Amino acid sequence: MQGDATELVRRNKSAFKTHFPAILDLLGQLRDAQSIPVVEEGLLQNIRVGDTTIYPAPAVEWTQGQLRGFYDDPLRLVFDNANHCNPSDISLRLHAQLGKHLAEGDHSNMGAAPVVDSGFAFVFGVGLGHHIESLIDTLKVRHFVFIEPVLEFLLHSMLVVDWTEVFRKAEENDVKIHFITDADPKDITRRIETILVSQGATFIEGSYFYYHYYSWALIEANSLFSVNIKHHIYSTGFYEDECLMVANASGNILDHAFRICEPKPMVELDVPVFIVGSGPSLDNDIEYIQKWRSKAVVISCGTTLSILLRHGIRPDIHIELENGPLTPQHISRAVEEFGPMDDIIFAGSLTVDPRAVAQFPEAWLLFRVALSPATIFRGPHLTLAGSEPTVSNGGFSVAAASGFRQIYLFGVDCGYRVGGKAHHAKDSIYYHDKQFDLGDVNSAYDRKLPGNFGGTYRASYAFDMTARGIGELKRHYRRIDLYNCSDGARIEGAVPKAAAAIDLSASRGDPKAALDRVRQQWTKYEPREMLRWCDVEGIISGCTIYVDELAKFCEDAKTHSSFYDMFSDFAALSRAMPAETKGVRAIIEPSVQSMMRISAYFGSRMRDETQRRELLGFALDHILPLVREMCDGTAAIFEKLRD
């Protein structure tokens, strides 16, 4: 065995040098081995770490049993419907057409889960690797992600696994292999998510999860990933919403003067900032905001505006992100009850309803990442990362980009305590206006998060994203001291701090002077001035070009029997499109992708290749007229703007 093993290791190291040189470098840096391979009856059967082994029985037989159990009942990500494709009015029309088509034919052999075009196999643990070649041979996926937090185990696997053959088969089957060798569960989870983002999560449905051996790091990484994967399974954006946002952005550019809030080098400011959300814990902390009001810049987030005003606190900045009509409505009601907003700065997305911006004397507007107005209007300016999904994220991103380095969160609960009844502060508009009724919060708040001061909190998808987003942005702004005074969900990187423990008596900064310093650093635009960055004629002509290019693509793509390959070709087409199509692509492609993903939801379940190819052709024939309709609608928007 020794000679054979030595030759196998040599070939494996050569294979890693070709395909994964960075991994081979890490293996070459290993010193002072902490584990020992255990050979029984001429076979490598276990790995001893200290006084224990990683397998409960000889590895060959044990792994074979594990594989049989996995193949009999694999752990997969499967959806009951196509709602994860983020269907909107226009893509739901395709959904209905596909449903009718399937109902009219004989598709009784469709699987309950994808039988082709699954995106990923996540293998938690390589260990000795007796399972690797079987998984590569059996699972029909496009990406294998091997997660091994103990590098030594990967080295031991070279005595067992013919990695040369594994890499050859992967290349032959157009499968991409990824290795994650981080030891910290949080780092493992971030690496997995990086792979999802870089490779695209469009075909994440049907993905496999294989857990090989017991390990705290792998268990914890799985637990974190099980929560975080929810952020990647849904399509985002849709045509109708993008049209509304372009209309709102156009209105703000035409009618208002404003400054652009963007992440660029700023003078650091030592004045504290209070970011105030409308979570239920605000009721207990409002007195402390009142106590230190004169020492801090106060930012109200969304519906928090009326709560603060009711308690005699006039914020310096008010944040809004939502593009619908309810935003100007709740501001108008605050004006009716508390008077004009003459001393308050409006800060928020360029896509907010212009009627909301009009109620403030000064506006700082920002470009949100991945929204079409950022592509169409921003010119040389930067998008403000971390400003979504909720107004609390917007408040933190604006404060951080402005140069403030001491930030306190109040009422940013990101949910409510398990067993509690209040989901917002008692004076919140959500309790007093039927238009803002949240409905059954128990069904919407379907996630559980650890608490800032202990306990467990119920959170919705958006609030889960809120806590996560603030934590991620805090990692970027390392010089910020972030204190979470909210009795809500824990936010990574924020120091829990009871509001009663705040002491700003030594603060000598002037909030008004700090705001003056900020506004001097933002670029100011007068009404209409920002239109110079928008190529209106190019977008109009780009609509025609896009339809023509997609018509050619749809005809050529009918030769595919794989929705994955079709989507890959579409992504390549999109990247190669002429520059004139950039604007229309930003508006319609989220819905185009949604349509393709809806088609793939049904097509990937078809066992018969001929039927799958026929459905793909049917889908493309019905996607094209819907795309033509969206392009005509987009052209009409910009013809109106031009005129």
# chains A, B, ... in the order shown; residues from 1 in each chain; ligands from 1
>>> residues_around(residues="Ser507 of chain A", least_positions_apart="2", cutoff="8 Å", atoms="only C-alpha atoms", output="VMD selection string")
chain A and resid 271 295 504 to 505 509
>>> write_last_selection(atoms="C-alpha atoms", output="PDB file, in the first residue's frame")
ATOM      1  CA  VAL A 271     -20.628  64.348  17.072  1.00  0.00           C
ATOM      2  CA  LYS A 295     -25.665  66.621  22.038  1.00  0.00           C
ATOM      3  CA  LEU A 504     -22.731  62.367  26.473  1.00  0.00           C
ATOM      4  CA  SER A 505     -21.998  65.058  29.038  1.00  0.00           C
ATOM      5  CA  GLY A 509     -19.338  68.670  19.211  1.00  0.00           C
TER       6      GLY A 509
END
>>> select_by_dssp(residues="segment 44-212 of chain A", states="strand (DSSP E)", output="count of residues only")
31
>>> residues_around(residues="segment 151-157 of chain A", least_positions_apart="5", cutoff="6 Å", atoms="only C-alpha atoms", output="PDB file with all heavy atoms, in the first residue's frame")
ATOM      1  N   GLY A 127     -12.935  14.940   5.155  1.00  0.00           N
ATOM      2  CA  GLY A 127     -12.404  13.832   5.942  1.00  0.00           C
ATOM      3  C   GLY A 127     -11.422  13.026   5.127  1.00  0.00           C
ATOM      4  O   GLY A 127     -10.543  13.563   4.452  1.00  0.00           O
ATOM      5  N   LEU A 128     -11.562  11.706   5.155  1.00  0.00           N
ATOM      6  CA  LEU A 128     -10.703  10.850   4.339  1.00  0.00           C
ATOM      7  C   LEU A 128     -11.134  10.855   2.879  1.00  0.00           C
ATOM      8  O   LEU A 128     -10.357  10.507   1.995  1.00  0.00           O
ATOM      9  CB  LEU A 128     -10.715   9.417   4.877  1.00  0.00           C
ATOM     10  CG  LEU A 128      -9.890   9.188   6.152  1.00  0.00           C
ATOM     11  CD1 LEU A 128     -10.041   7.753   6.624  1.00  0.00           C
ATOM     12  CD2 LEU A 128      -8.420   9.524   5.925  1.00  0.00           C
ATOM     13  N   GLY A 129     -12.383  11.212   2.639  1.00  0.00           N
ATOM     14  CA  GLY A 129     -12.813  11.390   1.257  1.00  0.00           C
ATOM     15  C   GLY A 129     -13.331  10.158   0.557  1.00  0.00           C
ATOM     16  O   GLY A 129     -13.439  10.157  -0.676  1.00  0.00           O
TER      17      GLY A 129
END
>>> closest_residue(among="A:Phe553, A:Phe410, A:Tyr564, A:Phe238", to="Asn284 of chain A", atoms="only C-alpha atoms")
A:Phe410
>>> residues_around(residues="Ile286 of chain A", least_positions_apart="2", cutoff="10 Å", atoms="only C-alpha atoms", output="number ranges by chain")
A: 276, 281-284, 288-291, 307-308, 311, 313, 410-411, 499
>>> atom_distance(atom1="atom CA of Gly395 of chain A", atom2="atom CA of Ile275 of chain A")
6.3 Å
>>> closest_residue(among="A:Asp241, A:Glu555, A:Asp137, A:Asp270", to="Arg405 of chain A", atoms="only C-alpha atoms")
A:Asp270
>>> select_by_dssp(residues="segment 301-341 of chain A", states="helix (DSSP H, G or I)", output="VMD selection string")
chain A and resid 304 to 310 326 to 338
>>> write_last_selection(atoms="all heavy atoms", output="compact mmCIF listing (two decimals), in the first residue's frame")
# COMPACT_ATOMS: atom_id res chain seq x y z
N THR A 304 -41.00 56.50 12.05
CA THR A 304 -40.55 57.02 13.34
C THR A 304 -40.73 58.54 13.43
O THR A 304 -40.79 59.09 14.54
CB THR A 304 -39.06 56.68 13.56
OG1 THR A 304 -38.85 55.30 13.29
CG2 THR A 304 -38.63 56.97 14.98
N LEU A 305 -40.83 59.21 12.31
CA LEU A 305 -40.93 60.68 12.29
C LEU A 305 -42.04 61.17 13.21
O LEU A 305 -41.81 62.04 14.07
CB LEU A 305 -41.18 61.15 10.85
CG LEU A 305 -41.42 62.66 10.66
CD1 LEU A 305 -40.17 63.44 11.04
CD2 LEU A 305 -41.82 62.95 9.21
N SER A 306 -43.25 60.67 13.05
CA SER A 306 -44.37 61.16 13.85
C SER A 306 -44.22 60.79 15.32
O SER A 306 -44.68 61.53 16.20
CB SER A 306 -45.69 60.63 13.29
OG SER A 306 -45.69 59.22 13.26
N ILE A 307 -43.57 59.65 15.61
CA ILE A 307 -43.37 59.26 17.01
C ILE A 307 -42.47 60.27 17.71
O ILE A 307 -42.77 60.75 18.82
CB ILE A 307 -42.75 57.85 17.10
CG1 ILE A 307 -43.67 56.82 16.43
CG2 ILE A 307 -42.48 57.47 18.55
CD1 ILE A 307 -43.07 55.42 16.35
N LEU A 308 -41.36 60.63 17.07
CA LEU A 308 -40.44 61.60 17.67
C LEU A 308 -41.10 62.96 17.82
O LEU A 308 -40.98 63.62 18.88
CB LEU A 308 -39.18 61.72 16.81
CG LEU A 308 -38.24 60.49 16.79
CD1 LEU A 308 -37.06 60.75 15.87
CD2 LEU A 308 -37.75 60.16 18.20
N LEU A 309 -41.80 63.39 16.79
CA LEU A 309 -42.45 64.70 16.86
C LEU A 309 -43.49 64.73 17.97
O LEU A 309 -43.66 65.75 18.66
CB LEU A 309 -43.11 65.03 15.52
CG LEU A 309 -42.14 65.27 14.35
CD1 LEU A 309 -42.90 65.40 13.04
CD2 LEU A 309 -41.29 66.51 14.59
N ARG A 310 -44.19 63.63 18.18
CA ARG A 310 -45.20 63.56 19.24
C ARG A 310 -44.55 63.72 20.61
O ARG A 310 -45.21 64.17 21.56
CB ARG A 310 -45.96 62.25 19.13
CG ARG A 310 -47.16 62.14 20.06
CD ARG A 310 -48.09 61.01 19.64
NE ARG A 310 -48.81 61.39 18.41
CZ ARG A 310 -48.68 60.76 17.25
NH1 ARG A 310 -47.83 59.74 17.14
NH2 ARG A 310 -49.35 61.14 16.20
N LEU A 326 -47.69 55.69 0.01
CA LEU A 326 -47.87 55.79 1.46
C LEU A 326 -46.80 56.67 2.10
O LEU A 326 -47.03 57.27 3.15
CB LEU A 326 -47.84 54.40 2.10
CG LEU A 326 -49.04 53.49 1.80
CD1 LEU A 326 -48.89 52.15 2.50
CD2 LEU A 326 -50.35 54.15 2.21
N THR A 327 -45.63 56.76 1.47
CA THR A 327 -44.55 57.58 2.03
C THR A 327 -44.94 59.05 2.10
O THR A 327 -44.88 59.65 3.19
CB THR A 327 -43.25 57.39 1.23
OG1 THR A 327 -42.85 56.01 1.31
CG2 THR A 327 -42.14 58.27 1.77
N PRO A 328 -45.36 59.70 1.01
CA PRO A 328 -45.78 61.10 1.14
C PRO A 328 -47.02 61.25 2.01
O PRO A 328 -47.20 62.30 2.65
CB PRO A 328 -46.06 61.53 -0.30
CG PRO A 328 -46.24 60.28 -1.08
CD PRO A 328 -45.38 59.26 -0.41
N GLN A 329 -47.86 60.23 2.08
CA GLN A 329 -49.07 60.34 2.89
C GLN A 329 -48.74 60.46 4.37
O GLN A 329 -49.29 61.31 5.07
CB GLN A 329 -49.98 59.12 2.65
CG GLN A 329 -50.72 59.16 1.33
CD GLN A 329 -51.62 57.95 1.15
OE1 GLN A 329 -52.12 57.38 2.11
NE2 GLN A 329 -51.81 57.53 -0.10
N HIS A 330 -47.85 59.60 4.87
CA HIS A 330 -47.57 59.68 6.31
C HIS A 330 -46.78 60.94 6.66
O HIS A 330 -46.93 61.49 7.75
CB HIS A 330 -46.89 58.40 6.82
CG HIS A 330 -45.41 58.36 6.71
ND1 HIS A 330 -44.56 59.03 7.55
CD2 HIS A 330 -44.59 57.67 5.86
CE1 HIS A 330 -43.31 58.77 7.24
NE2 HIS A 330 -43.29 57.96 6.21
N ILE A 331 -45.98 61.44 5.71
CA ILE A 331 -45.28 62.72 5.96
C ILE A 331 -46.29 63.86 5.98
O ILE A 331 -46.22 64.76 6.84
CB ILE A 331 -44.19 62.94 4.90
CG1 ILE A 331 -43.09 61.90 5.04
CG2 ILE A 331 -43.61 64.35 5.02
CD1 ILE A 331 -42.06 61.91 3.93
N SER A 332 -47.26 63.84 5.07
CA SER A 332 -48.29 64.89 5.03
C SER A 332 -49.07 64.93 6.33
O SER A 332 -49.41 66.01 6.84
CB SER A 332 -49.24 64.66 3.85
OG SER A 332 -48.56 64.79 2.62
N ARG A 333 -49.37 63.76 6.87
CA ARG A 333 -50.11 63.73 8.13
C ARG A 333 -49.28 64.28 9.28
O ARG A 333 -49.80 64.94 10.18
CB ARG A 333 -50.55 62.30 8.42
CG ARG A 333 -51.59 61.82 7.43
CD ARG A 333 -52.01 60.40 7.68
NE ARG A 333 -52.87 59.92 6.60
CZ ARG A 333 -53.38 58.71 6.54
NH1 ARG A 333 -53.11 57.84 7.49
NH2 ARG A 333 -54.16 58.36 5.53
N ALA A 334 -47.97 64.02 9.24
CA ALA A 334 -47.09 64.59 10.26
C ALA A 334 -47.05 66.11 10.13
O ALA A 334 -47.05 66.83 11.15
CB ALA A 334 -45.69 64.01 10.12
N VAL A 335 -47.05 66.62 8.90
CA VAL A 335 -47.08 68.07 8.68
C VAL A 335 -48.38 68.66 9.22
O VAL A 335 -48.38 69.71 9.88
CB VAL A 335 -46.91 68.39 7.18
CG1 VAL A 335 -47.16 69.88 6.92
CG2 VAL A 335 -45.52 68.00 6.71
N GLU A 336 -49.50 68.00 8.95
CA GLU A 336 -50.79 68.49 9.43
C GLU A 336 -50.84 68.55 10.95
O GLU A 336 -51.40 69.48 11.53
CB GLU A 336 -51.92 67.57 8.93
CG GLU A 336 -52.15 67.65 7.43
CD GLU A 336 -53.15 66.60 6.95
OE1 GLU A 336 -53.72 65.90 7.82
OE2 GLU A 336 -53.34 66.47 5.73
N GLU A 337 -50.23 67.57 11.61
CA GLU A 337 -50.31 67.50 13.07
C GLU A 337 -49.24 68.32 13.77
O GLU A 337 -49.51 68.93 14.82
CB GLU A 337 -50.20 66.03 13.52
CG GLU A 337 -50.41 65.83 15.00
CD GLU A 337 -50.45 64.36 15.40
OE1 GLU A 337 -50.40 63.50 14.49
OE2 GLU A 337 -50.53 64.08 16.62
N PHE A 338 -48.04 68.40 13.18
CA PHE A 338 -46.92 69.01 13.90
C PHE A 338 -46.32 70.23 13.20
O PHE A 338 -45.36 70.81 13.68
CB PHE A 338 -45.82 67.97 14.13
CG PHE A 338 -46.30 66.75 14.87
CD1 PHE A 338 -46.49 65.55 14.19
CD2 PHE A 338 -46.58 66.82 16.22
CE1 PHE A 338 -46.94 64.43 14.86
CE2 PHE A 338 -47.02 65.69 16.90
CZ PHE A 338 -47.22 64.49 16.22
>>> closest_residue(among="A:Phe179, A:Tyr457, A:Phe167, A:Phe602", to="Arg11 of chain A", atoms="only C-alpha atoms")
A:Phe167
>>> closest_residue(among="A:Phe396, A:Val227, A:Ile136, A:Lys264", to="Arg447 of chain A", atoms="only C-alpha atoms")
A:Val227
>>> closest_residue(among="A:Ser207, A:Ser372, A:Thr189, A:Thr466", to="Thr634 of chain A", atoms="only C-alpha atoms")
A:Ser372
>>> closest_residue(among="A:Asn86, A:Gln66, A:Ser223, A:Asn252", to="Gly237 of chain A", atoms="only C-alpha atoms")
A:Asn86
>>> residues_around(residues="Ala170 of chain A", least_positions_apart="3", cutoff="12 Å", atoms="only C-alpha atoms", output="list in words")
His19, Ile132, Glu133, Leu135, Ile136, Asp137, Thr138, Leu139, Lys140, Val141, Arg142, His143, Phe144, Trp163, Thr164, Glu165, Val166, Phe167, Asn173, Asp174, Val175, Lys176, Ile177 and His178 of chain A
>>> residues_around(residues="Thr523 of chain A", least_positions_apart="2", cutoff="7 Å", atoms="only C-alpha atoms", output="list in words")
Arg259, Ile260, Gln521 and Tyr525 of chain A
>>> atom_distance(atom1="atom CA of Ile598 of chain A", atom2="atom CA of Glu629 of chain A")
18.5 Å
>>> atom_distance(atom1="atom CA of Val9 of chain A", atom2="atom CA of Gln45 of chain A")
16.7 Å
>>> residues_around(residues="Val592 of chain A", least_positions_apart="3", cutoff="9 Å", atoms="only C-alpha atoms", output="PyMOL selection string")
chain A and resi 91+238-239+588-589+595-597+623+626-627
>>> decode(residues="segment 539-568 of chain A", atoms="N, CA, C and O atoms", output="PDB file, in the first residue's frame")
ATOM      1  N   ILE A 539     -31.202  55.292 -24.712  1.00  0.00           N
ATOM      2  CA  ILE A 539     -32.087  54.309 -24.082  1.00  0.00           C
ATOM      3  C   ILE A 539     -33.247  53.972 -25.006  1.00  0.00           C
ATOM      4  O   ILE A 539     -33.630  52.800 -25.147  1.00  0.00           O
ATOM      5  N   ILE A 540     -33.806  54.980 -25.670  1.00  0.00           N
ATOM      6  CA  ILE A 540     -34.925  54.739 -26.590  1.00  0.00           C
ATOM      7  C   ILE A 540     -34.496  53.817 -27.732  1.00  0.00           C
ATOM      8  O   ILE A 540     -35.176  52.837 -28.062  1.00  0.00           O
ATOM      9  N   SER A 541     -33.346  54.110 -28.328  1.00  0.00           N
ATOM     10  CA  SER A 541     -32.867  53.244 -29.417  1.00  0.00           C
ATOM     11  C   SER A 541     -32.445  51.880 -28.881  1.00  0.00           C
ATOM     12  O   SER A 541     -32.574  50.861 -29.571  1.00  0.00           O
ATOM     13  N   GLY A 542     -31.955  51.855 -27.632  1.00  0.00           N
ATOM     14  CA  GLY A 542     -31.537  50.599 -27.025  1.00  0.00           C
ATOM     15  C   GLY A 542     -32.689  49.622 -26.853  1.00  0.00           C
ATOM     16  O   GLY A 542     -32.490  48.398 -26.891  1.00  0.00           O
ATOM     17  N   CYS A 543     -33.912  50.146 -26.695  1.00  0.00           N
ATOM     18  CA  CYS A 543     -35.085  49.271 -26.558  1.00  0.00           C
ATOM     19  C   CYS A 543     -35.291  48.452 -27.833  1.00  0.00           C
ATOM     20  O   CYS A 543     -35.579  47.247 -27.773  1.00  0.00           O
ATOM     21  N   THR A 544     -35.133  49.088 -28.985  1.00  0.00           N
ATOM     22  CA  THR A 544     -35.288  48.380 -30.264  1.00  0.00           C
ATOM     23  C   THR A 544     -34.172  47.363 -30.446  1.00  0.00           C
ATOM     24  O   THR A 544     -34.406  46.220 -30.876  1.00  0.00           O
ATOM     25  N   ILE A 545     -32.956  47.773 -30.124  1.00  0.00           N
ATOM     26  CA  ILE A 545     -31.804  46.864 -30.258  1.00  0.00           C
ATOM     27  C   ILE A 545     -31.996  45.630 -29.383  1.00  0.00           C
ATOM     28  O   ILE A 545     -31.742  44.500 -29.813  1.00  0.00           O
ATOM     29  N   TYR A 546     -32.477  45.846 -28.158  1.00  0.00           N
ATOM     30  CA  TYR A 546     -32.632  44.736 -27.223  1.00  0.00           C
ATOM     31  C   TYR A 546     -33.613  43.698 -27.762  1.00  0.00           C
ATOM     32  O   TYR A 546     -33.349  42.485 -27.714  1.00  0.00           O
ATOM     33  N   VAL A 547     -34.745  44.161 -28.268  1.00  0.00           N
ATOM     34  CA  VAL A 547     -35.746  43.231 -28.808  1.00  0.00           C
ATOM     35  C   VAL A 547     -35.170  42.439 -29.975  1.00  0.00           C
ATOM     36  O   VAL A 547     -35.347  41.220 -30.071  1.00  0.00           O
ATOM     37  N   ASP A 548     -34.455  43.117 -30.855  1.00  0.00           N
ATOM     38  CA  ASP A 548     -33.871  42.437 -32.018  1.00  0.00           C
ATOM     39  C   ASP A 548     -32.864  41.374 -31.582  1.00  0.00           C
ATOM     40  O   ASP A 548     -32.847  40.252 -32.115  1.00  0.00           O
ATOM     41  N   GLU A 549     -32.023  41.727 -30.621  1.00  0.00           N
ATOM     42  CA  GLU A 549     -31.013  40.780 -30.146  1.00  0.00           C
ATOM     43  C   GLU A 549     -31.666  39.592 -29.441  1.00  0.00           C
ATOM     44  O   GLU A 549     -31.237  38.446 -29.612  1.00  0.00           O
ATOM     45  N   LEU A 550     -32.697  39.858 -28.657  1.00  0.00           N
ATOM     46  CA  LEU A 550     -33.341  38.769 -27.938  1.00  0.00           C
ATOM     47  C   LEU A 550     -34.100  37.853 -28.891  1.00  0.00           C
ATOM     48  O   LEU A 550     -34.165  36.634 -28.667  1.00  0.00           O
ATOM     49  N   ALA A 551     -34.666  38.412 -29.947  1.00  0.00           N
ATOM     50  CA  ALA A 551     -35.371  37.574 -30.929  1.00  0.00           C
ATOM     51  C   ALA A 551     -34.406  36.563 -31.550  1.00  0.00           C
ATOM     52  O   ALA A 551     -34.742  35.376 -31.709  1.00  0.00           O
ATOM     53  N   LYS A 552     -33.200  37.008 -31.895  1.00  0.00           N
ATOM     54  CA  LYS A 552     -32.198  36.095 -32.439  1.00  0.00           C
ATOM     55  C   LYS A 552     -31.816  35.042 -31.404  1.00  0.00           C
ATOM     56  O   LYS A 552     -31.680  33.851 -31.707  1.00  0.00           O
ATOM     57  N   PHE A 553     -31.643  35.499 -30.159  1.00  0.00           N
ATOM     58  CA  PHE A 553     -31.256  34.582 -29.092  1.00  0.00           C
ATOM     59  C   PHE A 553     -32.315  33.500 -28.889  1.00  0.00           C
ATOM     60  O   PHE A 553     -31.992  32.311 -28.768  1.00  0.00           O
ATOM     61  N   CYS A 554     -33.583  33.906 -28.846  1.00  0.00           N
ATOM     62  CA  CYS A 554     -34.663  32.940 -28.596  1.00  0.00           C
ATOM     63  C   CYS A 554     -34.701  31.863 -29.673  1.00  0.00           C
ATOM     64  O   CYS A 554     -34.935  30.684 -29.381  1.00  0.00           O
ATOM     65  N   GLU A 555     -34.465  32.243 -30.892  1.00  0.00           N
ATOM     66  CA  GLU A 555     -34.481  31.264 -31.973  1.00  0.00           C
ATOM     67  C   GLU A 555     -33.320  30.282 -31.840  1.00  0.00           C
ATOM     68  O   GLU A 555     -33.489  29.064 -31.975  1.00  0.00           O
ATOM     69  N   ASP A 556     -32.145  30.826 -31.549  1.00  0.00           N
ATOM     70  CA  ASP A 556     -30.965  29.958 -31.410  1.00  0.00           C
ATOM     71  C   ASP A 556     -31.062  29.060 -30.173  1.00  0.00           C
ATOM     72  O   ASP A 556     -30.621  27.912 -30.196  1.00  0.00           O
ATOM     73  N   ALA A 557     -31.640  29.602 -29.085  1.00  0.00           N
ATOM     74  CA  ALA A 557     -31.656  28.874 -27.814  1.00  0.00           C
ATOM     75  C   ALA A 557     -32.609  27.691 -27.820  1.00  0.00           C
ATOM     76  O   ALA A 557     -32.557  26.840 -26.922  1.00  0.00           O
ATOM     77  N   LYS A 558     -33.467  27.598 -28.805  1.00  0.00           N
ATOM     78  CA  LYS A 558     -34.425  26.487 -28.858  1.00  0.00           C
ATOM     79  C   LYS A 558     -33.743  25.142 -29.086  1.00  0.00           C
ATOM     80  O   LYS A 558     -34.361  24.092 -28.912  1.00  0.00           O
ATOM     81  N   THR A 559     -32.488  25.178 -29.465  1.00  0.00           N
ATOM     82  CA  THR A 559     -31.758  23.917 -29.652  1.00  0.00           C
ATOM     83  C   THR A 559     -31.361  23.304 -28.310  1.00  0.00           C
ATOM     84  O   THR A 559     -30.979  22.137 -28.256  1.00  0.00           O
ATOM     85  N   HIS A 560     -31.441  24.084 -27.239  1.00  0.00           N
ATOM     86  CA  HIS A 560     -31.049  23.589 -25.920  1.00  0.00           C
ATOM     87  C   HIS A 560     -32.118  22.656 -25.357  1.00  0.00           C
ATOM     88  O   HIS A 560     -33.312  22.821 -25.619  1.00  0.00           O
ATOM     89  N   SER A 561     -31.678  21.721 -24.549  1.00  0.00           N
ATOM     90  CA  SER A 561     -32.612  20.959 -23.722  1.00  0.00           C
ATOM     91  C   SER A 561     -32.376  21.262 -22.247  1.00  0.00           C
ATOM     92  O   SER A 561     -33.065  20.747 -21.380  1.00  0.00           O
ATOM     93  N   SER A 562     -31.398  22.121 -21.978  1.00  0.00           N
ATOM     94  CA  SER A 562     -31.041  22.494 -20.612  1.00  0.00           C
ATOM     95  C   SER A 562     -31.367  23.965 -20.386  1.00  0.00           C
ATOM     96  O   SER A 562     -30.866  24.844 -21.091  1.00  0.00           O
ATOM     97  N   PHE A 563     -32.206  24.224 -19.388  1.00  0.00           N
ATOM     98  CA  PHE A 563     -32.519  25.603 -19.032  1.00  0.00           C
ATOM     99  C   PHE A 563     -31.291  26.293 -18.441  1.00  0.00           C
ATOM    100  O   PHE A 563     -31.128  27.502 -18.584  1.00  0.00           O
ATOM    101  N   TYR A 564     -30.444  25.532 -17.788  1.00  0.00           N
ATOM    102  CA  TYR A 564     -29.211  26.087 -17.236  1.00  0.00           C
ATOM    103  C   TYR A 564     -28.330  26.626 -18.360  1.00  0.00           C
ATOM    104  O   TYR A 564     -27.828  27.755 -18.284  1.00  0.00           O
ATOM    105  N   ASP A 565     -28.158  25.825 -19.417  1.00  0.00           N
ATOM    106  CA  ASP A 565     -27.335  26.263 -20.545  1.00  0.00           C
ATOM    107  C   ASP A 565     -27.975  27.452 -21.254  1.00  0.00           C
ATOM    108  O   ASP A 565     -27.283  28.377 -21.694  1.00  0.00           O
ATOM    109  N   MET A 566     -29.302  27.410 -21.369  1.00  0.00           N
ATOM    110  CA  MET A 566     -29.997  28.537 -21.994  1.00  0.00           C
ATOM    111  C   MET A 566     -29.771  29.811 -21.195  1.00  0.00           C
ATOM    112  O   MET A 566     -29.469  30.868 -21.758  1.00  0.00           O
ATOM    113  N   PHE A 567     -29.889  29.706 -19.877  1.00  0.00           N
ATOM    114  CA  PHE A 567     -29.716  30.893 -19.036  1.00  0.00           C
ATOM    115  C   PHE A 567     -28.275  31.386 -19.085  1.00  0.00           C
ATOM    116  O   PHE A 567     -28.023  32.591 -19.085  1.00  0.00           O
ATOM    117  N   SER A 568     -27.325  30.470 -19.133  1.00  0.00           N
ATOM    118  CA  SER A 568     -25.913  30.868 -19.234  1.00  0.00           C
ATOM    119  C   SER A 568     -25.664  31.632 -20.529  1.00  0.00           C
ATOM    120  O   SER A 568     -24.945  32.641 -20.543  1.00  0.00           O
TER     121      SER A 568
END
